[in-house]
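I have placed the structure first, in the form of structure tokens, so that the comments after it can refer back to it.
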Amino acid sequence: MKSQIQVVRGDITTIDVDAIVNAANSSLLGGGGVDGAIHRAAGPKLLAECRELGGCQTGEAKITGGHLLPARFVIHTVGPVWHGGSRGEAELLASCYRGSFQLAEAQGLSSIAFPAISCGVYGYPVDQAAAIAVSTVTDEIRKASSVTAVLFVCFGDTVFSAFSERLAQAPLPGGERVVASATGRGAVRDTKTSPFPT
């Protein structure tokens, strides 16, 4: 199955895909950064649904409806706090991306958008986080039966550059080309027509 992975600058709460991923805290009850922005945009029914989930462990993922968001679903995952790399942070971060992707697969979704998990107040070094994100997602999309489109939505030049550079180095099956992103400034590895809004 042909697939696409794309990196853009933008606001993940405005992205029209089947599911967006929320870089949540373990309570799943909202917080700062991406987490707070998603809760504000989705409206109070998202918080009510999250209260029923009983929280989430680091490296795991849970799914809710998208409510007032353009996305149909929100996949909440709890990234690791950076402690220098000695506490299993790399595997926990990979598990966030893997588990979120697999939840999208289990729902039969075709498109998913990720933020840069753990790259904000959790302090994960951006270059290392980008390498893990791109590697994990490319591995998963090779095995996927329903997900064919992945978007990394980056806030800020440093994160955008790191993810773009890693994606440019990532091997994907089939032909590859660089095209304009959904915001006009992205790096894309593409083997089919983009399903993302332009």
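By order in the structure tokens, chains are A, B, ...; within a chain, residues start at 1; ligands start at 1, following the order shown.
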
Leu46 of chain A environment, 10 Å, only C-alpha atoms, sequence neighbours closer than 6 positions dropped, as a ChimeraX atom specification: /A:28-30,38-40,64-69,74

Could you turn the residues from that selection into a file that holds N, CA and C atoms, as a short mmCIF file (atom, residue, chain, number, x, y, z; two decimals), in the first residue's frame?
```cif
data_model
loop_
_atom_site.label_atom_id
_atom_site.label_comp_id
_atom_site.auth_asym_id
_atom_site.auth_seq_id
_atom_site.Cartn_x
_atom_site.Cartn_y
_atom_site.Cartn_z
N LEU A 28 -4.87 12.98 31.87
CA LEU A 28 -5.70 13.17 30.68
C LEU A 28 -6.75 14.28 30.86
N LEU A 29 -6.54 15.14 31.84
CA LEU A 29 -7.54 16.16 32.15
C LEU A 29 -7.14 17.55 31.67
N GLY A 30 -6.21 17.61 30.75
CA GLY A 30 -5.79 18.88 30.20
C GLY A 30 -4.58 19.44 30.91
N ILE A 38 -5.66 21.59 22.64
CA ILE A 38 -6.61 20.60 22.13
C ILE A 38 -7.87 20.59 22.98
N HIS A 39 -7.73 20.63 24.29
CA HIS A 39 -8.91 20.65 25.16
C HIS A 39 -9.75 21.90 24.93
N ARG A 40 -9.10 23.04 24.77
CA ARG A 40 -9.86 24.27 24.54
C ARG A 40 -10.61 24.21 23.21
N THR A 64 -10.31 9.04 22.24
CA THR A 64 -11.61 9.63 22.49
C THR A 64 -12.14 10.21 21.18
N GLY A 65 -13.35 10.70 21.23
CA GLY A 65 -13.89 11.44 20.10
C GLY A 65 -13.21 12.79 19.96
N GLY A 66 -13.37 13.41 18.80
CA GLY A 66 -12.77 14.72 18.55
C GLY A 66 -13.65 15.88 18.96
N HIS A 67 -14.96 15.63 19.15
CA HIS A 67 -15.91 16.65 19.60
C HIS A 67 -15.90 17.86 18.66
N LEU A 68 -15.49 19.03 19.09
CA LEU A 68 -15.57 20.22 18.24
C LEU A 68 -14.38 20.39 17.31
N LEU A 69 -13.43 19.49 17.35
CA LEU A 69 -12.26 19.56 16.47
C LEU A 69 -12.62 19.10 15.05
N VAL A 74 -9.38 11.97 18.93
CA VAL A 74 -8.14 12.40 19.58
C VAL A 74 -7.52 11.17 20.23
#
```

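Excluding segment 81-96 of chain A and any residue on its chain fewer than 6 positions from it, the residues at most 8 Å away by only C-alpha atoms are A:Thr58, A:Gly59, A:Glu60, A:Ala61, A:Ile117, A:Ser118, A:Tyr122, A:Gly123, A:Tyr124, A:Pro125, A:Ala129, A:Ile132, A:Ala133, A:Thr136.
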
Please produce a file of those selected residues containing N, CA and C atoms, as an mmCIF file, in the first residue's frame.
```cif
data_model
loop_
_atom_site.group_PDB
_atom_site.id
_atom_site.type_symbol
_atom_site.label_atom_id
_atom_site.label_comp_id
_atom_site.auth_asym_id
_atom_site.auth_seq_id
_atom_site.Cartn_x
_atom_site.Cartn_y
_atom_site.Cartn_z
ATOM 1 N N THR A 58 2.721 6.593 31.170
ATOM 2 C CA THR A 58 3.728 7.052 30.215
ATOM 3 C C THR A 58 4.005 5.962 29.175
ATOM 4 N N GLY A 59 4.006 6.366 27.920
ATOM 5 C CA GLY A 59 4.256 5.433 26.828
ATOM 6 C C GLY A 59 3.016 4.751 26.290
ATOM 7 N N GLU A 60 1.880 4.938 26.965
ATOM 8 C CA GLU A 60 0.640 4.323 26.516
ATOM 9 C C GLU A 60 -0.233 5.345 25.797
ATOM 10 N N ALA A 61 -1.339 4.885 25.197
ATOM 11 C CA ALA A 61 -2.221 5.768 24.444
ATOM 12 C C ALA A 61 -3.668 5.331 24.619
ATOM 13 N N ILE A 117 5.991 15.018 20.360
ATOM 14 C CA ILE A 117 5.737 14.547 21.721
ATOM 15 C C ILE A 117 6.988 14.699 22.590
ATOM 16 N N SER A 118 6.800 15.243 23.787
ATOM 17 C CA SER A 118 7.840 15.422 24.820
ATOM 18 C C SER A 118 8.858 16.506 24.499
ATOM 19 N N TYR A 122 8.618 18.869 28.720
ATOM 20 C CA TYR A 122 9.216 17.600 29.148
ATOM 21 C C TYR A 122 10.685 17.502 28.765
ATOM 22 N N GLY A 123 11.161 18.415 27.921
ATOM 23 C CA GLY A 123 12.588 18.607 27.735
ATOM 24 C C GLY A 123 13.323 17.605 26.877
ATOM 25 N N TYR A 124 12.616 16.798 26.074
ATOM 26 C CA TYR A 124 13.318 15.800 25.258
ATOM 27 C C TYR A 124 14.118 16.519 24.169
ATOM 28 N N PRO A 125 15.396 16.183 23.982
ATOM 29 C CA PRO A 125 16.190 16.814 22.931
ATOM 30 C C PRO A 125 15.521 16.627 21.564
ATOM 31 N N ALA A 129 14.367 13.208 19.581
ATOM 32 C CA ALA A 129 12.937 12.929 19.517
ATOM 33 C C ALA A 129 12.471 12.781 18.073
ATOM 34 N N ILE A 132 13.457 9.358 16.661
ATOM 35 C CA ILE A 132 12.594 8.284 17.167
ATOM 36 C C ILE A 132 11.220 8.348 16.508
ATOM 37 N N ALA A 133 10.672 9.548 16.407
ATOM 38 C CA ALA A 133 9.335 9.708 15.819
ATOM 39 C C ALA A 133 9.306 9.221 14.374
ATOM 40 N N THR A 136 9.990 5.337 14.073
ATOM 41 C CA THR A 136 8.872 4.514 14.544
ATOM 42 C C THR A 136 7.701 4.565 13.576
#
```

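From atom CA of Ser26 of chain A back to atom CA of Cys56 of chain A, the distance works out to 4.9 Å.
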
Exercise: segment 163-166 of chain A partners within 6 Å, only C-alpha atoms, chain neighbours under 3 positions left out, as number ranges by chain: A: 130-131, 160, 169, 187

Mind checking DSSP for segment 9-190 of chain A and telling me the strand (DSSP E) residues as a VMD selection string? chain A and resid 9 19 to 24 61 to 65 73 to 78 111 to 114 149 to 154 187 to 190

Got time to write the residues from that selection, N, CA, C and O atoms, as a short mmCIF file (atom, residue, chain, number, x, y, z; two decimals), in the first residue's frame?
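So the final result, stored in part_39.cif, reads:
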```
data_model
loop_
_atom_site.label_atom_id
_atom_site.label_comp_id
_atom_site.auth_asym_id
_atom_site.auth_seq_id
_atom_site.Cartn_x
_atom_site.Cartn_y
_atom_site.Cartn_z
N ARG A 9 4.59 23.10 9.52
CA ARG A 9 4.37 24.01 10.63
C ARG A 9 2.86 24.22 10.76
O ARG A 9 2.16 24.28 9.75
N ALA A 19 -7.57 11.42 12.88
CA ALA A 19 -7.21 11.52 14.30
C ALA A 19 -6.01 12.43 14.47
O ALA A 19 -5.08 12.40 13.66
N ILE A 20 -6.06 13.25 15.52
CA ILE A 20 -4.87 13.96 15.95
C ILE A 20 -4.40 13.34 17.26
O ILE A 20 -5.20 12.78 18.02
N VAL A 21 -3.11 13.44 17.52
CA VAL A 21 -2.53 12.91 18.75
C VAL A 21 -2.30 14.05 19.72
O VAL A 21 -1.77 15.10 19.36
N ASN A 22 -2.70 13.84 20.95
CA ASN A 22 -2.51 14.81 22.02
C ASN A 22 -1.36 14.38 22.90
O ASN A 22 -1.34 13.27 23.44
N ALA A 23 -0.37 15.26 23.05
CA ALA A 23 0.72 15.03 24.00
C ALA A 23 0.21 15.38 25.39
O ALA A 23 0.33 16.51 25.87
N ALA A 24 -0.40 14.41 26.03
CA ALA A 24 -1.15 14.62 27.27
C ALA A 24 -0.29 14.41 28.50
O ALA A 24 0.82 13.88 28.42
N ALA A 61 -1.34 4.89 25.20
CA ALA A 61 -2.22 5.77 24.44
C ALA A 61 -3.67 5.33 24.62
O ALA A 61 -3.95 4.14 24.75
N LYS A 62 -4.57 6.32 24.64
CA LYS A 62 -6.01 6.06 24.71
C LYS A 62 -6.73 6.98 23.73
O LYS A 62 -6.23 8.06 23.41
N ILE A 63 -7.92 6.58 23.29
CA ILE A 63 -8.61 7.32 22.23
C ILE A 63 -9.96 7.84 22.71
O ILE A 63 -10.64 7.19 23.51
N THR A 64 -10.31 9.04 22.24
CA THR A 64 -11.61 9.63 22.49
C THR A 64 -12.14 10.21 21.18
O THR A 64 -11.42 10.27 20.17
N GLY A 65 -13.35 10.70 21.23
CA GLY A 65 -13.89 11.44 20.10
C GLY A 65 -13.21 12.79 19.96
O GLY A 65 -12.57 13.29 20.89
N PHE A 73 -11.26 11.94 15.84
CA PHE A 73 -10.79 11.33 17.08
C PHE A 73 -9.58 12.08 17.62
O PHE A 73 -8.84 12.73 16.87
N VAL A 74 -9.38 11.97 18.93
CA VAL A 74 -8.14 12.40 19.58
C VAL A 74 -7.52 11.17 20.23
O VAL A 74 -8.19 10.46 20.99
N ILE A 75 -6.26 10.93 19.94
CA ILE A 75 -5.51 9.86 20.58
C ILE A 75 -4.57 10.51 21.58
O ILE A 75 -3.70 11.31 21.22
N HIS A 76 -4.78 10.21 22.85
CA HIS A 76 -4.02 10.83 23.94
C HIS A 76 -2.86 9.91 24.32
O HIS A 76 -3.07 8.73 24.61
N THR A 77 -1.66 10.45 24.34
CA THR A 77 -0.51 9.66 24.76
C THR A 77 0.36 10.48 25.69
O THR A 77 0.42 11.71 25.58
N VAL A 78 1.01 9.81 26.62
CA VAL A 78 1.81 10.48 27.65
C VAL A 78 3.28 10.23 27.37
O VAL A 78 3.78 9.11 27.50
N SER A 111 -5.80 8.50 8.26
CA SER A 111 -4.86 9.61 8.43
C SER A 111 -4.75 10.01 9.89
O SER A 111 -5.72 9.98 10.65
N ILE A 112 -3.54 10.39 10.29
CA ILE A 112 -3.25 10.73 11.68
C ILE A 112 -2.21 11.85 11.71
O ILE A 112 -1.29 11.86 10.88
N ALA A 113 -2.37 12.78 12.64
CA ALA A 113 -1.43 13.89 12.80
C ALA A 113 -0.83 13.84 14.20
O ALA A 113 -1.55 13.73 15.19
N PHE A 114 0.50 13.95 14.26
CA PHE A 114 1.23 13.92 15.52
C PHE A 114 1.83 15.29 15.83
O PHE A 114 2.36 15.96 14.93
N ALA A 149 -1.59 7.89 5.66
CA ALA A 149 -1.14 9.28 5.68
C ALA A 149 -0.83 9.71 7.10
O ALA A 149 -1.68 9.61 7.99
N VAL A 150 0.39 10.20 7.31
CA VAL A 150 0.83 10.68 8.62
C VAL A 150 1.37 12.09 8.46
O VAL A 150 2.13 12.39 7.54
N LEU A 151 0.97 12.94 9.38
CA LEU A 151 1.40 14.33 9.39
C LEU A 151 2.07 14.63 10.72
O LEU A 151 1.51 14.36 11.77
N PHE A 152 3.29 15.15 10.67
CA PHE A 152 3.94 15.69 11.86
C PHE A 152 3.71 17.20 11.85
O PHE A 152 4.18 17.90 10.95
N VAL A 153 3.00 17.69 12.85
CA VAL A 153 2.66 19.11 12.92
C VAL A 153 3.58 19.77 13.94
O VAL A 153 3.52 19.47 15.13
N CYS A 154 4.43 20.67 13.47
CA CYS A 154 5.49 21.24 14.29
C CYS A 154 5.21 22.70 14.62
O CYS A 154 4.76 23.47 13.75
N ALA A 187 8.20 19.36 4.37
CA ALA A 187 8.98 18.31 3.72
C ALA A 187 8.13 17.06 3.66
O ALA A 187 7.54 16.66 4.65
N VAL A 188 8.05 16.45 2.50
CA VAL A 188 7.14 15.33 2.30
C VAL A 188 7.87 14.16 1.68
O VAL A 188 8.68 14.32 0.78
N ARG A 189 7.62 12.96 2.19
CA ARG A 189 8.02 11.73 1.50
C ARG A 189 6.73 11.10 1.03
O ARG A 189 5.88 10.71 1.82
N ASP A 190 6.56 11.01 -0.27
CA ASP A 190 5.24 10.75 -0.84
C ASP A 190 5.31 9.67 -1.90
O ASP A 190 6.19 9.69 -2.74
#
```

Distance query Ala106 of chain A at most 12 Å, only C-alpha atoms, self and fewer than 2 positions along chain excluded, as a ChimeraX atom specification: /A:62-63,75,99-104,108-110,144-147

Pick the closest to Glu105 of chain A from A:Glu140, A:Pro70, A:Ser3, A:Thr14: which is it, counting only C-alpha atoms? A:Glu140
